[in-house]
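What follows is the content of protein.cif, which has mmCIF, C-alpha atoms and all ligand atoms:
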```
data_final
loop_
_atom_site.label_atom_id
_atom_site.label_comp_id
_atom_site.auth_asym_id
_atom_site.auth_seq_id
_atom_site.Cartn_x
_atom_site.Cartn_y
_atom_site.Cartn_z
CA MET A 1 -38.50 -12.12 25.36
CA LYS A 2 -35.63 -14.60 25.69
CA SER A 3 -32.34 -14.10 23.86
CA LYS A 4 -30.58 -16.93 22.08
CA VAL A 5 -27.19 -18.07 23.31
CA TYR A 6 -25.45 -20.65 21.11
CA PHE A 7 -23.12 -23.15 22.76
CA ILE A 8 -20.44 -25.61 21.66
CA ASP A 9 -18.36 -27.80 23.94
CA PHE A 10 -14.89 -29.01 23.02
CA ARG A 11 -16.02 -32.49 21.90
CA VAL A 12 -15.20 -33.16 18.27
CA THR A 13 -15.13 -36.17 15.94
CA PRO A 14 -12.82 -37.00 13.02
CA ARG A 15 -15.46 -35.48 10.73
CA GLU A 16 -14.90 -31.96 12.03
CA ASN A 17 -12.27 -30.35 14.25
CA ILE A 18 -12.85 -27.49 16.72
CA PHE A 19 -12.22 -24.84 14.05
CA GLY A 20 -15.05 -26.17 11.92
CA LYS A 21 -17.26 -26.22 14.98
CA ILE A 22 -16.40 -22.59 15.81
CA GLY A 23 -17.30 -21.67 12.21
CA ARG A 24 -20.76 -23.25 12.63
CA LEU A 25 -21.21 -21.53 16.01
CA LEU A 26 -20.54 -18.11 14.48
CA GLU A 27 -22.85 -18.74 11.56
CA GLU A 28 -25.71 -19.88 13.83
CA ALA A 29 -25.20 -16.87 16.10
CA GLY A 30 -25.68 -14.53 13.12
CA LEU A 31 -22.17 -13.28 12.29
CA SER A 32 -22.94 -12.79 8.60
CA LYS A 33 -26.01 -10.67 9.45
CA ILE A 34 -23.89 -8.32 11.60
CA ILE A 35 -21.06 -7.75 9.15
CA SER A 36 -21.69 -5.80 5.95
CA ASP A 37 -19.34 -5.54 3.00
CA ARG A 38 -16.06 -3.79 3.89
CA ASP A 39 -17.08 -3.15 7.50
CA LEU A 40 -14.00 -2.22 9.53
CA THR A 41 -14.57 -4.74 12.29
CA ALA A 42 -12.98 -4.43 15.75
CA LEU A 43 -12.14 -7.83 17.24
CA LYS A 44 -12.10 -6.66 20.86
CA ILE A 45 -9.86 -8.96 22.85
CA HIS A 46 -7.53 -9.03 25.86
CA PHE A 47 -4.01 -10.09 24.76
CA GLY A 48 -3.09 -11.18 28.31
CA GLU A 49 -0.46 -9.60 30.52
CA ARG A 50 3.09 -10.93 30.09
CA GLY A 51 3.39 -13.96 32.40
CA ASN A 52 -0.30 -14.85 32.12
CA THR A 53 -1.18 -18.01 30.18
CA ALA A 54 -4.98 -18.21 30.53
CA PHE A 55 -5.88 -15.74 27.74
CA ILE A 56 -7.63 -16.94 24.56
CA ARG A 57 -5.42 -18.90 22.16
CA PRO A 58 -4.50 -17.04 18.95
CA VAL A 59 -5.44 -20.08 16.80
CA TYR A 60 -9.08 -19.68 17.88
CA VAL A 61 -8.97 -15.96 17.16
CA ALA A 62 -7.58 -16.64 13.67
CA GLN A 63 -10.70 -18.72 12.98
CA ILE A 64 -12.97 -15.85 14.05
CA ALA A 65 -10.99 -13.37 11.91
CA GLU A 66 -11.35 -15.71 8.94
CA ALA A 67 -15.13 -15.89 9.41
CA VAL A 68 -15.35 -12.07 9.54
CA LYS A 69 -13.37 -11.83 6.28
CA LYS A 70 -15.65 -14.40 4.65
CA ALA A 71 -18.65 -12.30 5.67
CA GLY A 72 -17.12 -9.35 3.80
CA GLY A 73 -15.62 -7.48 6.78
CA SER A 74 -12.15 -6.09 7.29
CA PRO A 75 -11.15 -7.20 10.79
CA PHE A 76 -8.48 -5.84 13.11
CA LEU A 77 -7.53 -6.99 16.60
CA THR A 78 -7.80 -4.35 19.27
CA ASP A 79 -7.69 -3.48 22.96
CA THR A 80 -7.09 -0.32 24.99
CA ASN A 81 -4.07 0.47 27.17
CA THR A 82 -4.11 -0.30 30.88
CA LEU A 83 -4.16 2.13 33.78
CA TYR A 84 -1.24 0.57 35.58
CA ALA A 85 2.33 0.40 34.35
CA GLY A 86 2.39 -3.30 33.44
CA THR A 87 3.29 -4.64 29.98
CA ARG A 88 0.29 -3.11 28.15
CA SER A 89 0.18 0.49 29.37
CA ASP A 90 1.22 2.21 26.11
CA ALA A 91 0.88 1.17 22.48
CA PRO A 92 4.49 0.01 21.86
CA SER A 93 4.63 -2.19 24.99
CA HIS A 94 1.06 -3.38 24.37
CA LEU A 95 1.97 -4.44 20.80
CA LYS A 96 5.13 -6.19 22.07
CA THR A 97 3.07 -8.13 24.64
CA ALA A 98 0.50 -9.08 21.99
CA ILE A 99 3.31 -10.42 19.79
CA LYS A 100 4.98 -12.27 22.69
CA ASN A 101 1.64 -13.89 23.51
CA GLY A 102 1.23 -15.07 19.91
CA PHE A 103 -1.03 -12.42 18.31
CA THR A 104 1.03 -11.69 15.20
CA TYR A 105 0.04 -11.13 11.59
CA SER A 106 1.59 -14.47 10.69
CA THR A 107 -0.60 -16.34 13.22
CA VAL A 108 -3.92 -14.46 13.13
CA GLU A 109 -3.59 -12.76 9.71
CA VAL A 110 -5.09 -9.47 10.86
CA PRO A 111 -3.34 -6.31 12.05
CA VAL A 112 -3.33 -5.19 15.69
CA VAL A 113 -4.50 -1.61 16.36
CA ILE A 114 -4.35 -0.19 19.89
CA ALA A 115 -7.71 1.57 20.18
CA ASP A 116 -6.72 4.50 22.40
CA GLY A 117 -3.38 5.28 20.80
CA LEU A 118 0.16 5.78 21.98
CA ARG A 119 -0.52 6.69 25.61
CA GLY A 120 -4.21 5.94 26.02
CA ALA A 121 -5.40 9.46 25.25
CA SER A 122 -6.97 8.90 21.81
CA GLU A 123 -10.57 8.88 22.91
CA THR A 124 -14.06 9.76 21.74
CA VAL A 125 -16.26 11.45 24.32
CA ILE A 126 -19.88 10.27 24.54
CA ASN A 127 -22.37 12.36 26.46
CA SER A 128 -25.08 10.34 28.12
CA LYS A 129 -27.05 10.62 31.35
CA GLY A 130 -26.01 7.80 33.68
CA LYS A 131 -26.49 7.49 37.44
CA HIS A 132 -22.71 7.69 37.93
CA PHE A 133 -21.31 9.31 34.77
CA LYS A 134 -22.42 11.94 32.25
CA LYS A 135 -19.34 11.77 30.00
CA PHE A 136 -17.77 8.55 28.73
CA TYR A 137 -14.26 8.22 27.27
CA ILE A 138 -14.05 5.44 24.69
CA GLY A 139 -10.97 4.36 22.68
CA SER A 140 -11.44 6.13 19.34
CA GLU A 141 -10.49 3.26 17.04
CA ILE A 142 -13.14 1.03 18.62
CA TYR A 143 -15.72 3.79 18.43
CA ASN A 144 -14.80 4.50 14.79
CA ALA A 145 -15.15 0.85 13.73
CA ASP A 146 -18.28 -0.11 11.77
CA ALA A 147 -18.84 -3.37 13.65
CA MET A 148 -17.41 -5.18 16.67
CA ILE A 149 -16.88 -8.77 17.77
CA SER A 150 -16.32 -9.04 21.52
CA ILE A 151 -14.01 -12.00 22.12
CA ALA A 152 -13.93 -12.46 25.90
CA HIS A 153 -12.21 -14.98 28.12
CA PHE A 154 -14.75 -15.88 30.82
CA LYS A 155 -13.06 -16.24 34.24
CA GLY A 156 -13.17 -15.02 37.83
CA HIS A 157 -12.44 -11.39 38.61
CA GLU A 158 -11.42 -9.86 41.91
CA LEU A 159 -13.58 -6.72 41.62
CA ALA A 160 -16.44 -7.86 39.34
CA GLY A 161 -16.80 -11.50 40.50
CA PHE A 162 -16.40 -12.63 36.90
CA GLY A 163 -15.13 -11.05 33.72
CA GLY A 164 -17.04 -11.69 30.49
CA ALA A 165 -18.59 -9.76 27.60
CA LEU A 166 -19.87 -6.83 29.68
CA LYS A 167 -16.48 -6.20 31.26
CA ASN A 168 -14.66 -6.73 27.95
CA ILE A 169 -16.74 -3.86 26.55
CA GLY A 170 -17.34 -1.60 29.58
CA MET A 171 -13.81 -1.54 30.96
CA GLY A 172 -12.01 -2.85 27.89
CA CYS A 173 -13.19 -0.16 25.43
CA ALA A 174 -12.58 2.74 27.85
CA SER A 175 -9.55 4.94 27.30
CA ARG A 176 -7.18 5.59 30.21
CA LYS A 177 -9.35 8.48 31.45
CA GLY A 178 -12.43 6.25 31.24
CA LYS A 179 -10.73 3.47 33.20
CA LEU A 180 -9.56 5.91 35.84
CA ALA A 181 -13.11 7.23 36.26
CA GLN A 182 -14.45 3.67 36.71
CA HIS A 183 -11.77 2.70 39.25
CA SER A 184 -11.96 5.94 41.23
CA THR A 185 -14.33 4.41 43.79
CA VAL A 186 -12.01 1.46 44.49
CA SER A 187 -9.66 2.73 47.15
CA PRO A 188 -8.09 -0.04 49.22
CA LYS A 189 -6.74 0.42 52.74
CA VAL A 190 -4.35 -1.68 54.82
CA LYS A 191 -5.65 -3.12 58.12
CA ARG A 192 -2.47 -2.62 60.13
CA LYS A 193 -3.38 -5.33 62.64
CA LEU A 194 -3.47 -7.97 59.88
CA CYS A 195 -0.36 -6.87 57.99
CA VAL A 196 2.57 -9.27 58.54
CA ALA A 197 5.02 -6.97 56.75
CA CYS A 198 5.88 -9.50 54.02
CA GLU A 199 6.20 -6.61 51.50
CA ASP A 200 4.71 -8.72 48.66
CA CYS A 201 2.23 -5.97 47.82
CA LEU A 202 5.00 -3.40 47.24
CA SER A 203 6.44 -5.10 44.18
CA HIS A 204 2.97 -5.93 42.78
CA CYS A 205 1.72 -2.35 42.78
CA ALA A 206 2.56 -1.13 39.28
CA VAL A 207 2.25 2.56 40.25
CA SER A 208 4.35 2.29 43.47
CA ALA A 209 1.49 3.46 45.64
CA ILE A 210 2.45 1.19 48.56
CA SER A 211 5.32 1.75 50.98
CA MET A 212 6.25 0.51 54.44
CA LYS A 213 5.52 2.81 57.37
CA ASP A 214 6.36 1.75 60.93
CA GLU A 215 6.82 -1.83 59.67
CA LYS A 216 3.35 -2.03 58.10
CA ALA A 217 2.26 -1.45 54.50
CA SER A 218 0.58 1.85 53.70
CA ILE A 219 -1.25 2.94 50.52
CA ASN A 220 -0.97 6.44 49.08
CA ASN A 221 -4.49 7.14 47.80
CA ASP A 222 -3.28 9.97 45.56
CA THR A 223 -1.13 7.53 43.57
CA CYS A 224 -3.36 4.42 43.76
CA VAL A 225 -5.38 3.79 40.56
CA GLY A 226 -7.73 1.27 42.16
CA CYS A 227 -6.70 -1.75 40.09
CA GLY A 228 -7.28 -4.14 43.00
CA GLU A 229 -4.10 -6.20 42.37
CA CYS A 230 -2.79 -5.79 45.92
CA ILE A 231 -6.01 -7.24 47.38
CA LEU A 232 -5.29 -10.51 45.59
CA ILE A 233 -1.62 -10.60 46.51
CA CYS A 234 -1.84 -10.07 50.28
CA PRO A 235 -1.44 -13.42 52.08
CA SER A 236 -3.15 -12.23 55.27
CA GLU A 237 -6.12 -10.36 53.75
CA ALA A 238 -4.83 -7.14 55.26
CA ILE A 239 -5.73 -5.08 52.18
CA GLN A 240 -9.42 -4.41 51.93
CA ILE A 241 -11.86 -2.04 50.30
CA GLN A 242 -15.30 -1.02 51.46
CA TRP A 243 -16.95 -3.82 49.50
CA ASN A 244 -20.53 -2.79 50.23
CA GLN A 245 -20.00 0.78 49.13
CA SER A 246 -17.28 0.58 46.49
CA ILE A 247 -18.13 -2.53 44.47
CA PRO A 248 -21.78 -1.76 43.58
CA VAL A 249 -20.74 1.69 42.32
CA PHE A 250 -17.80 0.17 40.41
CA LEU A 251 -20.05 -2.44 38.76
CA GLU A 252 -22.77 0.04 37.86
CA GLY A 253 -20.20 2.46 36.42
CA MET A 254 -18.71 -0.34 34.30
CA ILE A 255 -22.17 -1.19 32.94
CA GLU A 256 -22.88 2.46 32.10
CA TYR A 257 -19.60 2.42 30.16
CA THR A 258 -20.72 -0.76 28.35
CA LYS A 259 -23.83 1.05 27.18
CA ALA A 260 -21.82 4.06 26.02
CA ALA A 261 -19.28 1.93 24.11
CA LEU A 262 -22.14 0.24 22.24
CA ASP A 263 -23.81 3.58 21.51
CA ASN A 264 -23.11 3.52 17.74
CA LYS A 265 -23.05 -0.28 17.29
CA LYS A 266 -26.72 -1.19 17.51
CA ASP A 267 -27.19 -4.52 15.70
CA LYS A 268 -23.49 -4.40 14.79
CA THR A 269 -21.94 -6.37 17.67
CA LEU A 270 -21.56 -10.09 18.25
CA TYR A 271 -20.32 -11.51 21.56
CA ILE A 272 -18.23 -14.66 21.96
CA ASN A 273 -17.20 -15.97 25.40
CA PHE A 274 -14.49 -18.62 25.72
CA ILE A 275 -15.30 -20.62 28.86
CA ASN A 276 -12.05 -22.50 29.21
CA SER A 277 -8.91 -22.12 31.36
CA ILE A 278 -11.33 -20.61 33.88
CA SER A 279 -8.78 -18.95 36.13
CA PRO A 280 -9.82 -17.35 39.43
CA ALA A 281 -8.52 -13.88 38.48
CA CYS A 282 -8.23 -11.48 35.56
CA ASP A 283 -5.86 -11.94 32.58
CA CYS A 284 -4.41 -8.54 33.61
CA ALA A 285 -2.42 -10.34 36.31
CA ASP A 286 1.14 -11.35 35.37
CA TYR A 287 0.37 -14.93 36.44
CA SER A 288 -2.61 -17.26 36.07
CA ASP A 289 -3.60 -19.74 38.74
CA SER A 290 -5.03 -23.13 37.78
CA PRO A 291 -8.69 -23.38 36.64
CA ILE A 292 -11.55 -23.50 39.17
CA VAL A 293 -13.71 -25.80 36.98
CA HIS A 294 -12.84 -27.89 33.91
CA ASP A 295 -13.11 -26.42 30.39
CA ILE A 296 -16.74 -25.99 29.33
CA GLY A 297 -16.93 -24.60 25.80
CA ILE A 298 -17.62 -21.48 23.75
CA VAL A 299 -20.83 -19.41 23.60
CA ALA A 300 -21.94 -16.77 21.09
CA SER A 301 -24.88 -14.36 21.11
CA THR A 302 -25.99 -10.92 20.00
CA ASP A 303 -26.99 -10.16 23.61
CA PRO A 304 -24.14 -9.36 26.06
CA VAL A 305 -26.34 -9.75 29.15
CA ALA A 306 -27.72 -13.11 28.08
CA ILE A 307 -24.27 -14.46 27.13
CA ASP A 308 -22.73 -13.48 30.49
CA THR A 309 -25.73 -14.87 32.40
CA ALA A 310 -25.47 -18.14 30.49
CA SER A 311 -21.69 -18.30 30.98
CA ALA A 312 -22.01 -17.77 34.75
CA ASP A 313 -24.77 -20.40 34.93
CA LEU A 314 -22.61 -22.88 32.99
CA VAL A 315 -19.64 -22.38 35.32
CA ASN A 316 -21.81 -22.62 38.44
CA SER A 317 -23.49 -25.79 37.18
CA LYS A 318 -20.13 -27.63 37.20
CA LYS A 319 -18.21 -29.25 40.02
CA GLY A 320 -15.32 -27.12 41.29
CA ILE A 321 -11.75 -28.43 41.10
CA GLU A 322 -10.60 -29.27 44.61
CA SER A 323 -6.94 -28.46 44.06
CA SER A 324 -7.79 -24.93 42.79
CA ALA A 325 -8.09 -21.58 44.59
CA LEU A 326 -11.77 -22.38 45.15
CA THR A 327 -12.11 -23.65 48.72
CA THR A 328 -15.88 -23.32 49.21
CA ASN A 329 -18.96 -23.68 46.96
CA LEU A 330 -17.32 -26.56 45.07
CA GLY A 331 -20.53 -28.49 44.46
CA GLU A 332 -22.50 -28.59 41.20
CA GLY A 333 -24.93 -25.66 41.19
CA GLU A 334 -23.05 -23.72 43.87
CA ASP A 335 -21.90 -20.16 43.22
CA LYS A 336 -18.21 -20.41 42.27
CA PHE A 337 -17.73 -16.64 42.03
CA LYS A 338 -19.09 -16.09 45.55
CA GLY A 339 -16.82 -18.94 46.61
CA LEU A 340 -13.84 -16.97 45.27
CA TYR A 341 -14.97 -13.44 46.18
CA PRO A 342 -17.65 -13.62 48.91
CA ALA A 343 -17.99 -9.83 49.18
CA VAL A 344 -18.67 -9.21 45.46
CA ASP A 345 -22.34 -9.12 44.45
CA TRP A 346 -21.61 -10.17 40.83
CA PRO A 347 -25.28 -10.59 39.72
CA LEU A 348 -25.60 -6.81 40.13
CA GLN A 349 -23.75 -6.20 36.83
CA LEU A 350 -26.31 -8.35 34.97
CA LYS A 351 -29.29 -6.81 36.73
CA TYR A 352 -28.15 -3.23 36.09
CA ALA A 353 -27.34 -4.04 32.45
CA GLU A 354 -30.88 -5.35 32.03
CA GLU A 355 -32.29 -2.22 33.69
CA LEU A 356 -30.35 -0.04 31.23
CA GLY A 357 -31.79 -1.99 28.30
CA ILE A 358 -28.46 -3.50 27.18
CA GLY A 359 -30.00 -6.98 27.04
CA THR A 360 -31.89 -9.56 29.03
CA ARG A 361 -31.00 -12.20 31.62
CA SER A 362 -33.55 -14.57 30.07
CA TYR A 363 -32.01 -16.86 27.51
CA ASP A 364 -32.40 -20.09 25.59
CA LEU A 365 -29.19 -22.09 25.43
CA ILE A 366 -28.96 -23.75 22.02
CA THR A 367 -26.35 -26.49 21.84
CA ILE A 368 -24.64 -27.15 18.52
CA ASP A 369 -23.68 -30.81 18.43
CA PRO A 370 -20.47 -32.19 16.95
CA LEU A 371 -20.82 -33.76 13.52
CA ARG A 372 -21.24 -37.50 14.04
CA TRP A 373 -18.67 -40.01 12.84
CA LYS A 374 -21.36 -41.83 10.87
CA GLN A 375 -24.56 -40.11 9.76
CA GLY A 376 -27.90 -41.87 9.99
S1 LIG B 1 -5.24 -1.02 44.10
FE1 LIG B 1 -3.35 -1.69 45.15
S2 LIG B 1 -2.01 -2.47 43.49
FE2 LIG B 1 -3.63 -1.22 42.53
S3 LIG B 1 -2.77 0.81 42.36
FE3 LIG B 1 -3.87 0.78 44.31
S4 LIG B 1 -2.36 0.20 45.82
FE4 LIG B 1 -1.47 -0.30 43.83
S1 LIG B 2 1.06 -8.09 51.23
FE1 LIG B 2 -0.32 -7.79 52.98
S2 LIG B 2 0.81 -8.58 54.72
FE2 LIG B 2 2.32 -8.26 53.09
S3 LIG B 2 3.09 -6.18 53.47
FE3 LIG B 2 1.39 -6.00 52.02
S4 LIG B 2 -0.38 -5.59 53.33
FE4 LIG B 2 1.20 -6.38 54.65
#
```

Encoding of this model in structure tokens:
Amino acid sequence: MKSKVYFIDFRVTPRENIFGKIGRLLEEAGLSKIISDRDLTALKIHFGERGNTAFIRPVYVAQIAEAVKKAGGSPFLTDTNTLYAGTRSDAPSHLKTAIKNGFTYSTVEVPVVIADGLRGASETVINSKGKHFKKFYIGSEIYNADAMISIAHFKGHELAGFGGALKNIGMGCASRKGKLAQHSTVSPKVKRKLCVACEDCLSHCAVSAISMKDEKASINNDTCVGCGECILICPSEAIQIQWNQSIPVFLEGMIEYTKAALDNKKDKTLYINFINSISPACDCADYSDSPIVHDIGIVASTDPVAIDTASADLVNSKKGIESSALTTNLGEGEDKFKGLYPAVDWPLQLKYAEELGIGTRSYDLITIDPLRWKQG
């Protein structure tokens, strides 16, 4: 059976602005059926690393929070701490970054709660038989919530091909221990022949795992947390992982985590993907390169597999922007994520999610039109 994915673009008329349109999108997608009276509702978002500008705008999030309140819920904004020592690795710095990026009570009118606590150790352990994991470590305050709205920025991602709803849940709800387990297979190495000793990677490794040895960069695998940042930074592609072996395991592990994080939220989760400012890399980076395709719109669904499939299809259906990081596969219908990351088999995350019963890749895209200037 096909799942429904509701879609709005950014066209509006004087009869209704984008906030009104988002309100209709959420209603059509079934928000009021998911939220019951006084449900503590986790609005799972990524606040963006300091220096990044591609993350979702707080004014849009305020509209979603308002709709949850109208449905009777009690929303709070949440995310888990990062593995690496950037600007979101513990609750105080994470809260400061959220505020700096505009997610304050005065803008969004909901509190921010860091789901895995002060240092990322407040976790709930789920036991479940996966191919890669048997124990799953989920941020307790997300697990303890009655309902969840996944608010994901859809964009390219260096290890997953793209980041959307599945990654927002699978990686984004995992506590520090859970993230470490998922990244443990990603262990980059430096190809000495290709290294030009620019030292750029040294300052971009947040855990200081890279040093210079005999005038070439070298990675200490005991310290490396597998975040993949250095792969993006290296100008000569000297830093590589075993893509064929590491990435499929990474993607499957992330999907198993998605299933675990949704364990107690059956029929209690709605997914919203913002397909705008479609940057080539994750919002975890402390910079954001220009978009690879023009802004597309916002989608909402109760099925995380269908919404990510539809989002990827929408991006791939568009013409790539020639002045962006995308240098191949620029044509309409060409695979933009393969164009960015040729070694990442991104459809695998959707296929495995379908196999695990998280959702389906078959969907009907239902477009919600703008209200016309003149009716009839
Ligand atoms: S993947 Fe690279 S940047 Fe990330 S921790 Fe390891 S060495 Fe550092
Ligand atoms: S960024 Fe690449 S080329 Fe520069 S030092 Fe690191 S590995 Fe070598």

A:Ile231, A:Ala312, A:Ile241, A:Ile272 ranked by distance to ligand LIG 2 (chain B), top pick (using all atoms listed in the file): A:Ile231

Between atom CA of Phe162 of chain A and atom CA of Lys191 of chain A - distance in Å to one decimal: 25.6 Å

All residues 12 Å or closer to Ile34 of chain A, only C-alpha atoms, same chain fewer than 3 positions away omitted, as a PyMOL selection string: chain A and resi 26-31+37-41+67-68+71-73+146-149+265-271+301-302

Surrounding residues as a list in words, ligand LIG 1 (chain B), max 8 Å, only C-alpha atoms and all ligand atoms: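 So, counting only C-alpha atoms and all ligand atoms, the residues near ligand LIG 1 (chain B) are Tyr84, Val186, Ser187, Pro188, Cys201, Leu202, His204, Cys205, Ala206, Val207, Ser208, Ala209, Ile210, Ile219, Asn220, Asn221, Thr223, Cys224, Val225, Gly226, Cys227, Gly228, Glu229, Cys230 and Ile231 of chain A.
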
Would you list the residues that come within 9 Å of ligand LIG 2 (chain B)? Count all atoms listed in the file and give the answer as a short mmCIF file (atom, residue, chain, number, x, y, z; two decimals) with C-alpha atoms, keeping the file's coordinate frame.
```
data_model
loop_
_atom_site.label_atom_id
_atom_site.label_comp_id
_atom_site.auth_asym_id
_atom_site.auth_seq_id
_atom_site.Cartn_x
_atom_site.Cartn_y
_atom_site.Cartn_z
CA LYS A 189 -6.74 0.42 52.74
CA VAL A 190 -4.35 -1.68 54.82
CA LYS A 191 -5.65 -3.12 58.12
CA ARG A 192 -2.47 -2.62 60.13
CA LEU A 194 -3.47 -7.97 59.88
CA CYS A 195 -0.36 -6.87 57.99
CA VAL A 196 2.57 -9.27 58.54
CA ALA A 197 5.02 -6.97 56.75
CA CYS A 198 5.88 -9.50 54.02
CA GLU A 199 6.20 -6.61 51.50
CA ASP A 200 4.71 -8.72 48.66
CA CYS A 201 2.23 -5.97 47.82
CA LEU A 202 5.00 -3.40 47.24
CA HIS A 204 2.97 -5.93 42.78
CA ILE A 210 2.45 1.19 48.56
CA SER A 211 5.32 1.75 50.98
CA MET A 212 6.25 0.51 54.44
CA GLU A 215 6.82 -1.83 59.67
CA LYS A 216 3.35 -2.03 58.10
CA ALA A 217 2.26 -1.45 54.50
CA SER A 218 0.58 1.85 53.70
CA CYS A 230 -2.79 -5.79 45.92
CA ILE A 231 -6.01 -7.24 47.38
CA LEU A 232 -5.29 -10.51 45.59
CA ILE A 233 -1.62 -10.60 46.51
CA CYS A 234 -1.84 -10.07 50.28
CA PRO A 235 -1.44 -13.42 52.08
CA SER A 236 -3.15 -12.23 55.27
CA GLU A 237 -6.12 -10.36 53.75
CA ALA A 238 -4.83 -7.14 55.26
CA ILE A 239 -5.73 -5.08 52.18
#
```

Atomic separation - atom CA of Ala281 of chain A relative to atom CA of Trp346 of chain A, Å: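 Distance between the two atoms: 13.8 Å.
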
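Nearest-residue note for Gly333 of chain A: choosing from A:Val293, A:His132, A:Ile255, A:Asp345, the minimum distance belongs to A:Val293, counting only C-alpha atoms.
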
Point-to-point distance from atom CA of Leu340 of chain A to atom CA of Gly51 of chain A, Å rounded to tenths: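 These atoms are spaced 21.7 Å apart.
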
From A:Ile278, A:Ala91, A:Leu251, A:Ile45, residue lying nearest Ala165 of chain A [only C-alpha atoms]: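 Of A:Ile278, A:Ala91, A:Leu251, A:Ile45, the one nearest Ala165 of chain A, counting only C-alpha atoms, is A:Ile45.
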
Which of A:Phe337, A:Phe136, A:Phe274, A:Tyr287 sits closest to Glu256 of chain A [using only C-alpha atoms]: A:Phe136

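Checking A:Ile298, A:Ala98, A:Leu371, A:Leu356 one by one against Ile8 of chain A, counting only C-alpha atoms, you find the shortest gap at A:Ile298.
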
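Closest approach to Gly339 of chain A among A:His157, A:Asp214, A:Ser290, A:Ser128 is made by A:His157 (distances from all atoms listed in the file).
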
Could you add the missing atoms to segment 9-22 of chain A, up to N, CA and C atoms, and return them as a PDB file, keeping the file's coordinate frame?
```
ATOM      1  N   ASP A   9     -19.393 -27.343  23.009  1.00  0.00           N
ATOM      2  CA  ASP A   9     -18.360 -27.800  23.940  1.00  0.00           C
ATOM      3  C   ASP A   9     -17.128 -28.161  23.110  1.00  0.00           C
ATOM      4  N   PHE A  10     -16.129 -28.723  23.752  1.00  0.00           N
ATOM      5  CA  PHE A  10     -14.890 -29.010  23.020  1.00  0.00           C
ATOM      6  C   PHE A  10     -14.841 -30.438  22.469  1.00  0.00           C
ATOM      7  N   ARG A  11     -15.984 -31.149  22.508  1.00  0.00           N
ATOM      8  CA  ARG A  11     -16.020 -32.490  21.900  1.00  0.00           C
ATOM      9  C   ARG A  11     -16.009 -32.345  20.382  1.00  0.00           C
ATOM     10  N   VAL A  12     -15.194 -33.133  19.736  1.00  0.00           N
ATOM     11  CA  VAL A  12     -15.200 -33.160  18.270  1.00  0.00           C
ATOM     12  C   VAL A  12     -15.087 -34.614  17.801  1.00  0.00           C
ATOM     13  N   THR A  13     -15.301 -34.834  16.525  1.00  0.00           N
ATOM     14  CA  THR A  13     -15.130 -36.170  15.940  1.00  0.00           C
ATOM     15  C   THR A  13     -14.171 -36.017  14.760  1.00  0.00           C
ATOM     16  N   PRO A  14     -13.709 -37.131  14.188  1.00  0.00           N
ATOM     17  CA  PRO A  14     -12.820 -37.000  13.020  1.00  0.00           C
ATOM     18  C   PRO A  14     -13.476 -36.295  11.838  1.00  0.00           C
ATOM     19  N   ARG A  15     -14.781 -36.152  11.865  1.00  0.00           N
ATOM     20  CA  ARG A  15     -15.460 -35.480  10.730  1.00  0.00           C
ATOM     21  C   ARG A  15     -15.282 -33.971  10.767  1.00  0.00           C
ATOM     22  N   GLU A  16     -14.997 -33.421  11.946  1.00  0.00           N
ATOM     23  CA  GLU A  16     -14.900 -31.960  12.030  1.00  0.00           C
ATOM     24  C   GLU A  16     -14.077 -31.589  13.264  1.00  0.00           C
ATOM     25  N   ASN A  17     -13.050 -30.772  13.081  1.00  0.00           N
ATOM     26  CA  ASN A  17     -12.270 -30.350  14.250  1.00  0.00           C
ATOM     27  C   ASN A  17     -12.904 -29.121  14.902  1.00  0.00           C
ATOM     28  N   ILE A  18     -12.249 -28.592  15.936  1.00  0.00           N
ATOM     29  CA  ILE A  18     -12.850 -27.490  16.720  1.00  0.00           C
ATOM     30  C   ILE A  18     -13.000 -26.223  15.866  1.00  0.00           C
ATOM     31  N   PHE A  19     -12.122 -26.063  14.865  1.00  0.00           N
ATOM     32  CA  PHE A  19     -12.220 -24.840  14.050  1.00  0.00           C
ATOM     33  C   PHE A  19     -13.493 -24.861  13.195  1.00  0.00           C
ATOM     34  N   GLY A  20     -13.803 -26.036  12.673  1.00  0.00           N
ATOM     35  CA  GLY A  20     -15.050 -26.170  11.920  1.00  0.00           C
ATOM     36  C   GLY A  20     -16.251 -25.911  12.822  1.00  0.00           C
ATOM     37  N   LYS A  21     -16.149 -26.393  14.042  1.00  0.00           N
ATOM     38  CA  LYS A  21     -17.260 -26.220  14.980  1.00  0.00           C
ATOM     39  C   LYS A  21     -17.441 -24.741  15.356  1.00  0.00           C
ATOM     40  N   ILE A  22     -16.313 -24.039  15.521  1.00  0.00           N
ATOM     41  CA  ILE A  22     -16.400 -22.590  15.810  1.00  0.00           C
ATOM     42  C   ILE A  22     -17.048 -21.873  14.627  1.00  0.00           C
TER      43      ILE A  22
END
```
